$ cat run.txt   # compact mmCIF, C-alpha atoms and all ligand atoms
# COMPACT_ATOMS: atom_id res chain seq x y z
CA MET A 1230 -4.70 31.37 -16.38
CA SER A 1231 -8.25 30.22 -17.16
CA ASP A 1232 -10.05 27.51 -15.16
CA ALA A 1233 -10.07 25.29 -18.26
CA GLU A 1234 -6.33 24.80 -17.98
CA VAL A 1235 -6.45 23.54 -14.39
CA LYS A 1236 -6.21 19.75 -14.11
CA TYR A 1237 -7.87 19.23 -10.74
CA GLY A 1238 -6.31 16.33 -8.86
CA LEU A 1239 -3.73 16.26 -11.70
CA ALA A 1240 -6.20 13.93 -13.44
CA GLY A 1241 -4.94 13.05 -16.89
CA VAL A 1242 -1.60 14.81 -16.39
CA VAL A 1243 1.50 12.86 -17.48
CA ALA A 1244 4.12 14.16 -15.03
CA ASP A 1245 7.29 12.17 -15.88
CA ASP A 1246 8.66 9.01 -17.48
CA THR A 1247 8.86 5.72 -15.60
CA ALA A 1248 10.13 2.23 -16.42
CA VAL A 1249 8.93 0.68 -13.16
CA SER A 1250 5.34 -0.17 -14.06
CA LYS A 1251 2.78 0.49 -16.74
CA VAL A 1252 -0.90 1.04 -16.07
CA MET A 1253 -3.09 0.35 -19.11
CA PRO A 1254 -6.60 1.67 -18.44
CA GLU A 1255 -7.81 0.53 -21.87
CA THR A 1256 -7.28 -3.11 -20.83
CA ASN A 1257 -7.50 -2.49 -17.06
CA SER A 1258 -4.09 -4.07 -16.76
CA LEU A 1259 -0.80 -3.46 -15.03
CA THR A 1260 2.77 -4.64 -15.66
CA TYR A 1261 5.86 -4.40 -13.45
CA ARG A 1262 9.02 -4.09 -15.56
CA GLY A 1263 7.06 -5.55 -18.48
CA TYR A 1264 5.50 -8.54 -16.68
CA ALA A 1265 1.73 -8.79 -16.12
CA VAL A 1266 1.11 -8.44 -12.41
CA GLU A 1267 -1.30 -11.39 -12.26
CA ASP A 1268 1.40 -13.57 -13.86
CA LEU A 1269 3.95 -12.42 -11.29
CA ALA A 1270 1.52 -12.98 -8.42
CA THR A 1271 0.77 -16.56 -9.37
CA LYS A 1272 4.12 -17.71 -10.83
CA CYS A 1273 6.64 -15.97 -8.57
CA ARG A 1274 7.29 -15.60 -4.87
CA TRP A 1275 6.96 -12.12 -3.41
CA ASP A 1276 10.70 -11.70 -2.84
CA GLU A 1277 11.36 -12.47 -6.54
CA VAL A 1278 8.98 -9.64 -7.41
CA ALA A 1279 10.65 -7.26 -4.92
CA TYR A 1280 13.98 -8.11 -6.57
CA LEU A 1281 12.47 -7.42 -10.01
CA ILE A 1282 11.08 -4.04 -9.02
CA TRP A 1283 14.49 -2.80 -7.88
CA ASN A 1284 16.78 -4.69 -10.24
CA LYS A 1285 14.65 -4.50 -13.42
CA GLU A 1286 14.95 -8.27 -14.15
CA LEU A 1287 13.65 -11.39 -12.43
CA PRO A 1288 16.40 -13.07 -10.41
CA THR A 1289 18.17 -16.32 -11.21
CA ARG A 1290 18.12 -18.84 -8.36
CA ALA A 1291 21.56 -17.68 -7.22
CA GLN A 1292 20.55 -14.00 -7.36
CA LEU A 1293 17.39 -14.73 -5.38
CA ALA A 1294 19.31 -16.66 -2.73
CA ALA A 1295 21.79 -13.77 -2.36
CA PHE A 1296 18.93 -11.25 -2.19
CA GLN A 1297 17.09 -13.29 0.45
CA GLN A 1298 20.28 -13.55 2.49
CA ARG A 1299 20.84 -9.78 2.30
CA GLU A 1300 17.29 -9.12 3.39
CA LYS A 1301 17.70 -11.52 6.32
CA ASN A 1302 20.96 -9.85 7.31
CA GLU A 1303 19.16 -6.49 7.47
CA ARG A 1304 16.44 -7.82 9.82
CA GLY A 1305 16.47 -6.82 13.46
CA ILE A 1306 15.29 -3.41 14.65
CA SER A 1307 17.35 -1.51 17.23
CA ALA A 1308 16.66 -1.40 20.97
CA ASP A 1309 15.99 2.33 20.55
CA MET A 1310 13.35 1.59 17.96
CA LEU A 1311 11.65 -0.87 20.31
CA LYS A 1312 11.79 1.77 23.05
CA LEU A 1313 10.21 4.30 20.72
CA ILE A 1314 7.41 1.89 19.80
CA GLY A 1315 6.74 1.40 23.52
CA MET A 1316 6.45 5.18 23.99
CA LEU A 1317 3.98 5.84 21.17
CA ASN A 1318 0.39 6.81 21.87
CA PRO A 1319 -1.54 3.50 21.78
CA LYS A 1320 -4.59 5.39 20.50
CA ALA A 1321 -2.74 6.79 17.48
CA HIS A 1322 -3.37 5.03 14.18
CA PRO A 1323 -0.69 2.39 13.38
CA MET A 1324 0.08 4.36 10.19
CA ASP A 1325 1.01 7.33 12.40
CA ALA A 1326 3.23 5.00 14.42
CA LEU A 1327 4.86 3.61 11.30
CA ARG A 1328 5.39 7.10 9.85
CA THR A 1329 7.14 8.10 13.08
CA CYS A 1330 9.28 4.94 13.10
CA VAL A 1331 10.45 5.34 9.50
CA SER A 1332 11.36 8.94 10.25
CA PHE A 1333 13.25 7.63 13.30
CA LEU A 1334 15.10 5.10 11.10
CA GLY A 1335 16.21 8.02 8.94
CA GLN A 1336 17.57 10.17 11.75
CA ALA A 1337 19.43 7.13 13.16
CA ASP A 1338 21.18 6.41 9.85
CA PRO A 1339 24.41 8.44 9.61
CA THR A 1340 24.41 7.85 5.84
CA ALA A 1341 20.80 8.97 5.34
CA GLU A 1342 21.86 11.65 2.87
CA ASP A 1343 23.70 9.16 0.64
CA SER A 1344 21.43 9.07 -2.39
CA SER A 1345 23.92 7.42 -4.72
CA PRO A 1346 22.41 4.39 -6.53
CA LYS A 1347 24.11 2.05 -4.06
CA GLY A 1348 23.14 4.21 -1.08
CA LEU A 1349 19.48 4.24 -2.15
CA TYR A 1350 19.47 0.48 -2.79
CA ASP A 1351 21.01 -0.29 0.61
CA LYS A 1352 18.55 1.92 2.46
CA SER A 1353 15.58 0.58 0.52
CA LEU A 1354 16.54 -2.98 1.38
CA ARG A 1355 16.99 -2.02 5.03
CA MET A 1356 13.51 -0.49 5.17
CA PHE A 1357 12.12 -3.54 3.34
CA ALA A 1358 13.67 -5.82 6.00
CA GLN A 1359 12.81 -3.70 9.04
CA ILE A 1360 9.37 -2.23 8.33
CA PRO A 1361 7.63 -5.63 8.83
CA GLU A 1362 9.21 -5.91 12.28
CA ILE A 1363 8.16 -2.37 13.17
CA VAL A 1364 4.57 -3.11 12.09
CA ALA A 1365 4.55 -6.43 13.97
CA ALA A 1366 6.09 -4.98 17.14
CA ASP A 1367 3.60 -2.09 17.17
CA PHE A 1368 0.73 -4.56 16.58
CA ARG A 1369 1.80 -6.69 19.55
CA VAL A 1370 2.50 -3.76 21.90
CA ARG A 1371 -0.97 -2.36 21.18
CA ASN A 1372 -2.42 -5.73 22.15
CA GLY A 1373 -0.47 -5.74 25.41
CA LYS A 1374 2.01 -8.36 24.20
CA ALA A 1375 5.80 -8.38 24.07
CA PRO A 1376 7.27 -7.97 20.57
CA ILE A 1377 8.69 -11.07 18.91
CA GLY A 1378 11.96 -10.36 17.12
CA ALA A 1379 12.71 -11.31 13.54
CA THR A 1380 14.08 -14.76 12.85
CA LYS A 1381 16.47 -15.49 10.00
CA ASP A 1382 15.15 -19.04 9.64
CA LEU A 1383 11.94 -17.99 7.96
CA GLY A 1384 11.05 -16.48 4.60
CA PHE A 1385 9.81 -12.88 4.34
CA CYS A 1386 6.07 -13.55 4.68
CA GLU A 1387 6.43 -16.41 7.18
CA ASN A 1388 8.66 -14.22 9.35
CA PHE A 1389 6.03 -11.48 9.39
CA PHE A 1390 3.33 -13.89 10.57
CA HIS A 1391 5.71 -15.25 13.19
CA MET A 1392 6.53 -11.76 14.49
CA CYS A 1393 2.79 -10.95 14.71
CA PHE A 1394 1.39 -14.19 16.11
CA GLY A 1395 4.33 -16.32 17.24
CA LYS A 1396 3.40 -18.94 14.63
CA VAL A 1397 3.14 -19.40 10.90
CA PRO A 1398 -0.28 -20.27 9.40
CA SER A 1399 -0.98 -22.85 6.69
CA PRO A 1400 0.82 -22.49 3.32
CA GLU A 1401 -2.45 -21.43 1.63
CA ILE A 1402 -2.80 -18.47 3.99
CA VAL A 1403 0.86 -17.51 3.60
CA LYS A 1404 0.40 -17.75 -0.20
CA CYS A 1405 -2.62 -15.43 -0.04
CA PHE A 1406 -0.52 -12.91 1.88
CA ASP A 1407 2.39 -13.37 -0.55
CA ILE A 1408 0.06 -12.67 -3.50
CA SER A 1409 -1.28 -9.54 -1.82
CA MET A 1410 2.31 -8.32 -1.39
CA THR A 1411 2.96 -8.67 -5.12
CA LEU A 1412 -0.32 -7.01 -6.08
CA TYR A 1413 0.20 -4.05 -3.73
CA ALA A 1414 3.86 -3.43 -4.62
CA GLU A 1415 3.66 -0.82 -7.32
CA HIS A 1416 1.17 1.27 -9.26
CA SER A 1417 2.91 4.09 -11.15
CA PHE A 1418 2.10 7.68 -10.13
CA ASN A 1419 -0.53 7.10 -7.46
CA ALA A 1420 -0.77 9.74 -4.70
CA SER A 1421 1.80 8.22 -2.32
CA THR A 1422 4.33 7.38 -5.03
CA PHE A 1423 4.01 10.84 -6.49
CA THR A 1424 4.48 12.24 -2.98
CA ALA A 1425 7.69 10.19 -2.62
CA ARG A 1426 8.95 11.39 -5.99
CA THR A 1427 8.06 14.99 -5.19
CA ILE A 1428 10.02 14.83 -1.92
CA ALA A 1429 12.97 13.12 -3.63
CA SER A 1430 12.91 15.76 -6.37
CA SER A 1431 14.06 18.44 -3.94
CA LEU A 1432 17.13 16.20 -3.30
CA SER A 1433 15.81 15.26 0.12
CA ASP A 1434 16.70 11.81 1.51
CA VAL A 1435 14.85 8.53 0.87
CA TYR A 1436 13.58 8.21 4.46
CA SER A 1437 11.87 11.59 4.13
CA ALA A 1438 10.34 10.46 0.84
CA VAL A 1439 9.00 7.25 2.42
CA THR A 1440 7.78 9.07 5.54
CA GLY A 1441 5.78 11.44 3.32
CA ALA A 1442 4.49 8.56 1.22
CA ILE A 1443 3.20 6.80 4.35
CA GLY A 1444 1.29 9.97 5.26
CA SER A 1445 -0.26 10.00 1.80
CA LEU A 1446 -1.11 6.30 1.73
CA LYS A 1447 -2.92 6.58 5.05
CA GLY A 1448 -5.89 8.45 3.57
CA PRO A 1449 -9.12 6.47 3.01
CA LEU A 1450 -9.24 7.48 -0.67
CA HIS A 1451 -5.89 5.69 -1.12
CA GLY A 1452 -4.42 2.86 0.99
CA GLY A 1453 -6.76 3.38 3.91
CA ALA A 1454 -9.56 1.92 1.79
CA ASN A 1455 -8.66 -1.69 2.73
CA GLU A 1456 -9.48 -0.87 6.35
CA ALA A 1457 -12.66 0.97 5.38
CA VAL A 1458 -13.79 -2.07 3.35
CA MET A 1459 -13.60 -4.30 6.40
CA HIS A 1460 -15.57 -1.83 8.54
CA LEU A 1461 -18.15 -1.80 5.77
CA LEU A 1462 -18.37 -5.62 5.60
CA LYS A 1463 -18.84 -5.75 9.35
CA GLU A 1464 -21.56 -3.12 9.14
CA VAL A 1465 -23.38 -5.14 6.47
CA GLY A 1466 -23.09 -8.10 8.83
CA SER A 1467 -24.77 -10.86 6.83
CA ALA A 1468 -25.16 -12.01 3.25
CA SER A 1469 -28.94 -11.73 3.56
CA ASN A 1470 -28.56 -8.02 4.27
CA ALA A 1471 -25.94 -7.26 1.61
CA GLU A 1472 -28.06 -6.34 -1.40
CA ALA A 1473 -30.44 -4.17 0.62
CA TRP A 1474 -27.47 -2.48 2.32
CA MET A 1475 -25.91 -1.64 -1.02
CA MET A 1476 -29.17 -0.36 -2.53
CA ASP A 1477 -29.70 1.87 0.50
CA ALA A 1478 -26.12 3.16 0.40
CA LEU A 1479 -26.41 3.96 -3.30
CA ALA A 1480 -29.75 5.70 -2.76
CA LYS A 1481 -28.05 7.84 -0.12
CA LYS A 1482 -25.20 8.53 -2.58
CA LYS A 1483 -22.61 7.14 -0.19
CA ASN A 1484 -19.05 6.65 -1.36
CA ILE A 1485 -18.62 2.87 -1.11
CA MET A 1486 -15.09 1.99 -0.07
CA GLY A 1487 -13.26 -0.59 -2.16
CA PHE A 1488 -15.05 0.38 -5.36
CA GLY A 1489 -13.97 2.66 -8.19
CA HIS A 1490 -10.58 3.81 -9.33
CA ARG A 1491 -9.11 7.01 -10.72
CA VAL A 1492 -7.54 5.16 -13.66
CA TYR A 1493 -9.37 1.84 -14.10
CA LYS A 1494 -12.97 2.47 -15.02
CA LYS A 1495 -13.97 -1.06 -16.08
CA GLY A 1496 -12.30 -3.23 -13.42
CA ASP A 1497 -8.83 -3.72 -12.01
CA SER A 1498 -6.72 -6.63 -13.29
CA ARG A 1499 -5.35 -7.30 -9.80
CA VAL A 1500 -8.78 -8.00 -8.36
CA PRO A 1501 -9.52 -11.47 -9.89
CA THR A 1502 -6.14 -12.81 -8.69
CA MET A 1503 -6.64 -11.48 -5.17
CA THR A 1504 -10.27 -12.62 -5.11
CA ASP A 1505 -9.16 -16.16 -6.07
CA ALA A 1506 -6.53 -16.14 -3.32
CA PHE A 1507 -9.11 -14.85 -0.83
CA LYS A 1508 -11.55 -17.64 -1.85
CA LYS A 1509 -8.89 -20.34 -1.46
CA MET A 1510 -8.14 -18.98 1.98
CA VAL A 1511 -11.84 -18.94 2.93
CA ASP A 1512 -12.06 -22.62 1.90
CA VAL A 1513 -9.01 -23.52 4.00
CA ILE A 1514 -10.26 -21.62 7.04
CA GLY A 1515 -13.70 -23.12 6.52
CA THR A 1516 -15.48 -21.23 9.31
CA ALA A 1517 -19.00 -19.85 9.03
CA GLU A 1518 -17.58 -16.35 9.57
CA ALA A 1519 -15.13 -16.73 6.67
CA ARG A 1520 -17.88 -18.02 4.34
CA GLU A 1521 -20.20 -15.19 5.38
CA TYR A 1522 -17.65 -12.49 4.53
CA TRP A 1523 -17.05 -14.20 1.20
CA GLU A 1524 -20.80 -14.24 0.43
CA ILE A 1525 -21.28 -10.63 1.53
CA SER A 1526 -18.44 -9.48 -0.70
CA ARG A 1527 -19.83 -11.39 -3.71
CA ILE A 1528 -23.26 -9.79 -3.32
CA LEU A 1529 -21.90 -6.26 -2.80
CA ASP A 1530 -19.68 -6.64 -5.86
CA ALA A 1531 -22.50 -7.92 -8.09
CA THR A 1532 -24.96 -5.28 -6.88
CA MET A 1533 -22.52 -2.38 -7.41
CA VAL A 1534 -21.60 -3.57 -10.91
CA ARG A 1535 -25.26 -4.15 -11.82
CA GLU A 1536 -26.51 -0.83 -10.44
CA LYS A 1537 -23.64 1.56 -11.20
CA GLY A 1538 -21.12 -0.22 -13.43
CA ILE A 1539 -18.47 0.58 -10.79
CA TYR A 1540 -16.02 -2.27 -10.17
CA PRO A 1541 -14.14 -3.30 -7.01
CA ASN A 1542 -10.51 -2.26 -6.60
CA LEU A 1543 -7.73 -4.28 -4.94
CA ASP A 1544 -8.68 -3.11 -1.45
CA PHE A 1545 -12.01 -4.90 -1.71
CA PRO A 1546 -10.66 -8.48 -1.49
CA THR A 1547 -7.56 -7.65 0.59
CA GLY A 1548 -9.54 -6.08 3.46
CA PRO A 1549 -11.46 -9.27 4.39
CA ALA A 1550 -8.45 -11.49 3.51
CA TYR A 1551 -6.24 -9.67 6.05
CA TYR A 1552 -9.06 -9.77 8.60
CA LEU A 1553 -9.44 -13.52 8.28
CA MET A 1554 -5.67 -13.91 8.62
CA GLY A 1555 -6.11 -12.48 12.11
CA PHE A 1556 -4.78 -8.95 11.68
CA ASP A 1557 -6.43 -6.03 13.45
CA ILE A 1558 -8.16 -3.74 10.95
CA PRO A 1559 -5.93 -0.68 11.65
CA ILE A 1560 -2.81 -2.55 10.54
CA PHE A 1561 -4.14 -3.31 7.06
CA THR A 1562 -2.62 -0.12 5.65
CA PRO A 1563 0.76 -0.66 7.39
CA ILE A 1564 0.72 -4.11 5.73
CA PHE A 1565 0.23 -2.33 2.40
CA VAL A 1566 3.40 -0.34 3.24
CA ILE A 1567 5.38 -3.56 3.81
CA SER A 1568 4.84 -4.20 0.11
CA ARG A 1569 4.68 -0.70 -1.41
CA ILE A 1570 8.06 0.25 0.07
CA THR A 1571 9.49 -1.50 -3.00
CA GLY A 1572 7.59 0.59 -5.53
CA TRP A 1573 8.13 3.87 -3.67
CA THR A 1574 11.87 3.39 -3.40
CA ALA A 1575 12.20 2.20 -7.03
CA HIS A 1576 10.55 5.50 -7.99
CA VAL A 1577 12.87 7.47 -5.71
CA MET A 1578 15.83 5.78 -7.45
CA GLU A 1579 14.36 6.64 -10.84
CA GLN A 1580 13.61 10.21 -9.81
CA ARG A 1581 17.14 10.77 -8.54
CA ALA A 1582 18.66 9.23 -11.67
CA ALA A 1583 16.99 11.88 -13.88
CA ASN A 1584 15.87 14.53 -11.46
CA LYS A 1585 13.71 17.52 -12.21
CA LEU A 1586 12.29 19.43 -9.25
CA VAL A 1587 8.52 18.85 -9.10
CA ARG A 1588 6.98 22.29 -9.08
CA PRO A 1589 3.60 22.71 -10.80
CA LEU A 1590 1.80 26.02 -11.28
CA SER A 1591 -1.41 27.11 -9.61
CA ASN A 1592 -4.43 29.07 -10.71
CA TYR A 1593 -4.81 31.95 -8.25
CA VAL A 1594 -8.44 32.52 -7.24
CA GLY A 1595 -7.93 34.86 -4.24
CA VAL A 1596 -8.56 38.58 -3.92
CA PRO A 1597 -6.90 40.86 -6.51
CA GLN A 1598 -3.63 42.55 -5.56
CA ARG A 1599 -4.14 45.35 -3.00
CA ASP A 1600 -2.16 47.79 -0.85
CA VAL A 1601 -1.20 47.08 2.75
CA VAL A 1602 -2.87 49.51 5.18
CA PRO A 1603 -0.51 50.08 8.18
CA ILE A 1604 -1.86 48.52 11.41
CA GLU A 1605 -2.49 51.88 13.11
CA MET A 1606 -4.83 52.84 10.26
CA ARG A 1607 -6.84 49.57 10.19
N1 LIG B 1 -18.93 4.65 -4.44
C1 LIG B 1 -19.96 5.32 -4.97
N2 LIG B 1 -19.85 6.05 -6.09
C2 LIG B 1 -18.65 6.09 -6.69
C3 LIG B 1 -17.54 5.41 -6.18
C4 LIG B 1 -17.70 4.67 -5.01
N3 LIG B 1 -16.69 4.02 -4.46
N4 LIG B 1 -16.48 5.63 -6.98
C5 LIG B 1 -16.91 6.43 -7.97
N5 LIG B 1 -18.23 6.72 -7.78
C6 LIG B 1 -19.06 7.58 -8.59
C7 LIG B 1 -18.64 9.02 -8.39
O1 LIG B 1 -19.29 9.61 -7.30
C8 LIG B 1 -19.06 9.63 -9.70
O2 LIG B 1 -20.43 9.86 -9.66
P1 LIG B 1 -21.07 11.16 -10.37
O3 LIG B 1 -20.69 11.01 -11.83
O4 LIG B 1 -22.53 11.04 -10.08
O5 LIG B 1 -20.40 12.34 -9.72
C9 LIG B 1 -18.80 8.51 -10.69
O6 LIG B 1 -18.83 7.30 -9.94
C10 LIG B 1 -17.48 8.61 -11.41
O7 LIG B 1 -16.45 8.75 -10.45
P2 LIG B 1 -14.97 8.83 -10.93
O8 LIG B 1 -14.73 10.14 -11.60
O9 LIG B 1 -14.70 7.60 -11.72
O10 LIG B 1 -14.15 8.75 -9.56
P3 LIG B 1 -12.75 9.44 -9.24
O11 LIG B 1 -11.75 9.09 -10.27
O12 LIG B 1 -12.92 10.87 -8.91
O13 LIG B 1 -12.45 8.72 -7.85
C11 LIG B 1 -11.81 7.14 -6.27
C12 LIG B 1 -11.74 7.55 -7.75
C13 LIG B 1 -10.93 5.92 -6.07
C14 LIG B 1 -11.32 8.29 -5.36
C15 LIG B 1 -13.28 6.80 -5.94
O14 LIG B 1 -13.72 5.78 -6.79
C16 LIG B 1 -13.46 6.44 -4.49
O15 LIG B 1 -13.58 7.33 -3.64
N6 LIG B 1 -13.52 5.11 -4.17
C17 LIG B 1 -13.66 4.66 -2.81
C18 LIG B 1 -12.32 4.69 -2.07
C19 LIG B 1 -11.43 3.58 -2.50
O16 LIG B 1 -11.81 2.43 -2.62
N7 LIG B 1 -10.17 3.95 -2.72
C20 LIG B 1 -9.12 3.01 -3.12
C21 LIG B 1 -8.68 3.33 -4.51
S1 LIG B 1 -7.56 2.11 -5.12
$ encode --input "run.txt" --output "structure tokens"
Amino acid sequence: MSDAEVKYGLAGVVADDTAVSKVMPETNSLTYRGYAVEDLATKCRWDEVAYLIWNKELPTRAQLAAFQQREKNERGISADMLKLIGMLNPKAHPMDALRTCVSFLGQADPTAEDSSPKGLYDKSLRMFAQIPEIVAADFRVRNGKAPIGATKDLGFCENFFHMCFGKVPSPEIVKCFDISMTLYAEHSFNASTFTARTIASSLSDVYSAVTGAIGSLKGPLHGGANEAVMHLLKEVGSASNAEAWMMDALAKKKNIMGFGHRVYKKGDSRVPTMTDAFKKMVDVIGTAEAREYWEISRILDATMVREKGIYPNLDFPTGPAYYLMGFDIPIFTPIFVISRITGWTAHVMEQRAANKLVRPLSNYVGVPQRDVVPIEMR
């Protein structure tokens, strides 16, 4: 095989069919089940979108109410899970903790191997309902606080805030979080989704697929970028320093987190919606710190586009938005998981419905074939 045939990073390779979402690089746009993501983010609640991703159609009011009730019924992590969270290394990254906990969920489920359509749907909904509580409990334990259990009186996003902080913020802040959930939910064959599909393709169980996907999402070139963006904004420190910081970073050929995309080369259609939500939240919070991060991000964005023609990706506005909501930086990527669990599991369902083992070829570049010399002669 010649080098020319190798598609490094699988760039440009179409690996399978999907009806979950469509990425259109020519218009920098994205649809879930045929609906523009920015339309979904502004016109629907997050749980409507989660329903859509799994059920292929937006719910009626009655379907949404039944779905919300099912999700609420699945809330409540086990005492063993809480014990496990208490035993985890507090210095480990929260994504490592979450990966361990999802794996633990799998081994605790006696029906883990049931990958029938109903089995996959039930397990996906259970992970959807329980992952937020795992993330929140781990967040509190790390901060020396007792976990707050899920409550069935609150909606999905409100419940997550309550489990993290013991209170629910203003509707504008909850809406900003809700929008981020919709925008993060699904993105075709990105690294973590492809990882989930690859694991499912060997007929392994859905918990294994999600555990692997979490490992993939953790990397800073993928989901971990939202954390890296916030570290970067803190390093820049002030709006007056932002342009000079960017010019210096570009001169040093640094990889600037939150910019660029493997597929979108002229901007990402999710970014304006998230940036608007972030701005509304900044106005509601109204602190000097919030306004400063807004100004820094505007200047970095404009300078990068002017100098390199490289546009921000979704992680650029979500990083500071989550920070201003009060979340610790290392739980930004676990928050991404709270949303992306929908897309991953929809892909696992799709993969299992028309399965073909994922098994690409490789271009061998090692030493030519040779004879083994017995150890006594070496
Ligand atoms: N900062 C600085 N330069 C960047 C850049 C960034 N964030 N993203 C791309 N570039 C540069 C590349 O270095 C390359 O320069 P070169 O032509 O001089 O080698 C050029 O732009 C084209 O890069 P491209 O081929 O479009 O990037 P890619 O498809 O290989 O990589 C990413 C895509 C996402 C991995 C890359 O943009 C990146 O590392 N971004 C930062 C991490 C991030 O935000 N990830 C979240 C993605 S949603």
$ atom_distance --input "run.txt" --atom1 "CA of Thr1380 (chain A)" --atom2 "CA of Asn1302 (chain A)"
10.1 Å
$ closest_residue --input "run.txt" --among "A:Arg1304, A:Arg1569, A:Arg1581, A:Lys1481" --to "ligand LIG 1 (chain B)" --atoms "all atoms listed in the file"
A:Lys1481
$ residues_near_ligand --input "run.txt" --ligand "ligand LIG 1 (chain B)" --cutoff "9 Å" --atoms "only C-alpha atoms and all ligand atoms" --output "JSON, numbers by chain"
{"A": [1238, 1240, 1419, 1448, 1449, 1450, 1451, 1452, 1453, 1454, 1455, 1457, 1458, 1478, 1479, 1482, 1483, 1484, 1485, 1486, 1487, 1488, 1489, 1490, 1491, 1492, 1493, 1494, 1533, 1537, 1538, 1539, 1540, 1541, 1542, 1543, 1544, 1545]}
$ closest_residue --input "run.txt" --among "A:Tyr1552, A:Lys1347, A:Ala1583, A:Lys1251" --to "Met1459 (chain A)" --atoms "only C-alpha atoms"
A:Tyr1552
$ closest_atom_pairs --input "run.txt" --of "region 1438-1536 of chain A" --to "region 1316-1334 of chain A" --cutoff "12 Å" --atoms "only C-alpha atoms" --output "Markdown table"
| residue | atom | partner | partner_atom | distance |
| --- | --- | --- | --- | --- |
| A:Ala1438 | CA | A:Ser1332 | CA | 9.6 |
| A:Val1439 | CA | A:Val1331 | CA | 7.5 |
| A:Thr1440 | CA | A:Arg1328 | CA | 5.3 |
| A:Gly1441 | CA | A:Arg1328 | CA | 7.9 |
| A:Ala1442 | CA | A:Arg1328 | CA | 8.8 |
| A:Ile1443 | CA | A:Arg1328 | CA | 5.9 |
| A:Gly1444 | CA | A:Arg1328 | CA | 6.8 |
| A:Ser1445 | CA | A:Met1324 | CA | 10.1 |
| A:Leu1446 | CA | A:Met1324 | CA | 8.8 |
| A:Lys1447 | CA | A:Met1324 | CA | 6.4 |
| A:Gly1448 | CA | A:Met1324 | CA | 9.8 |
| A:Pro1449 | CA | A:Met1324 | CA | 11.9 |
| A:Gly1452 | CA | A:Met1324 | CA | 10.4 |
| A:Gly1453 | CA | A:Met1324 | CA | 9.3 |
| A:Glu1456 | CA | A:His1322 | CA | 11.6 |
$ closest_residue --input "run.txt" --among "A:Ser1431, A:Thr1547, A:Ser1591, A:Ser1526" --to "Ala1468 (chain A)" --atoms "only C-alpha atoms"
A:Ser1526
$ residues_around --input "run.txt" --residues "Met1554 (chain A)" --least-positions-apart "3" --cutoff "8 Å" --atoms "all atoms listed in the file" --output "list in words"
Ile1402, Ala1550 and Tyr1551 of chain A
$ residues_around --input "run.txt" --residues "Glu1300 (chain A)" --least-positions-apart "3" --cutoff "7 Å" --atoms "all atoms listed in the file" --output "list in words"
Phe1296, Gln1297, Glu1303, Arg1304, Leu1354 and Ala1358 of chain A
$ residues_around --input "run.txt" --residues "Met1253 (chain A)" --least-positions-apart "6" --cutoff "12 Å" --atoms "only C-alpha atoms" --output "PyMOL selection string"
chain A and resi 1259-1261+1263+1265-1266+1416-1417+1492-1498
$ residues_around --input "run.txt" --residues "Ile1514 (chain A)" --least-positions-apart "3" --cutoff "10 Å" --atoms "all atoms listed in the file" --output "number ranges by chain"
A: 1399, 1401-1402, 1508-1511, 1517-1520, 1553-1554
$ atom_distance --input "run.txt" --atom1 "CA of Leu1293 (chain A)" --atom2 "CA of Glu1277 (chain A)"
6.5 Å
$ closest_residue --input "run.txt" --among "A:Glu1415, A:Glu1267, A:Asp1530, A:Glu1524" --to "Ser1250 (chain A)" --atoms "all atoms listed in the file"
A:Glu1415
$ closest_residue --input "run.txt" --among "A:Glu1536, A:Glu1387, A:Glu1521, A:Glu1605" --to "Pro1361 (chain A)" --atoms "all atoms listed in the file"
A:Glu1387
$ closest_residue --input "run.txt" --among "A:Ile1428, A:Val1602, A:Ile1408, A:Met1503" --to "Leu1586 (chain A)" --atoms "all atoms listed in the file"
A:Ile1428
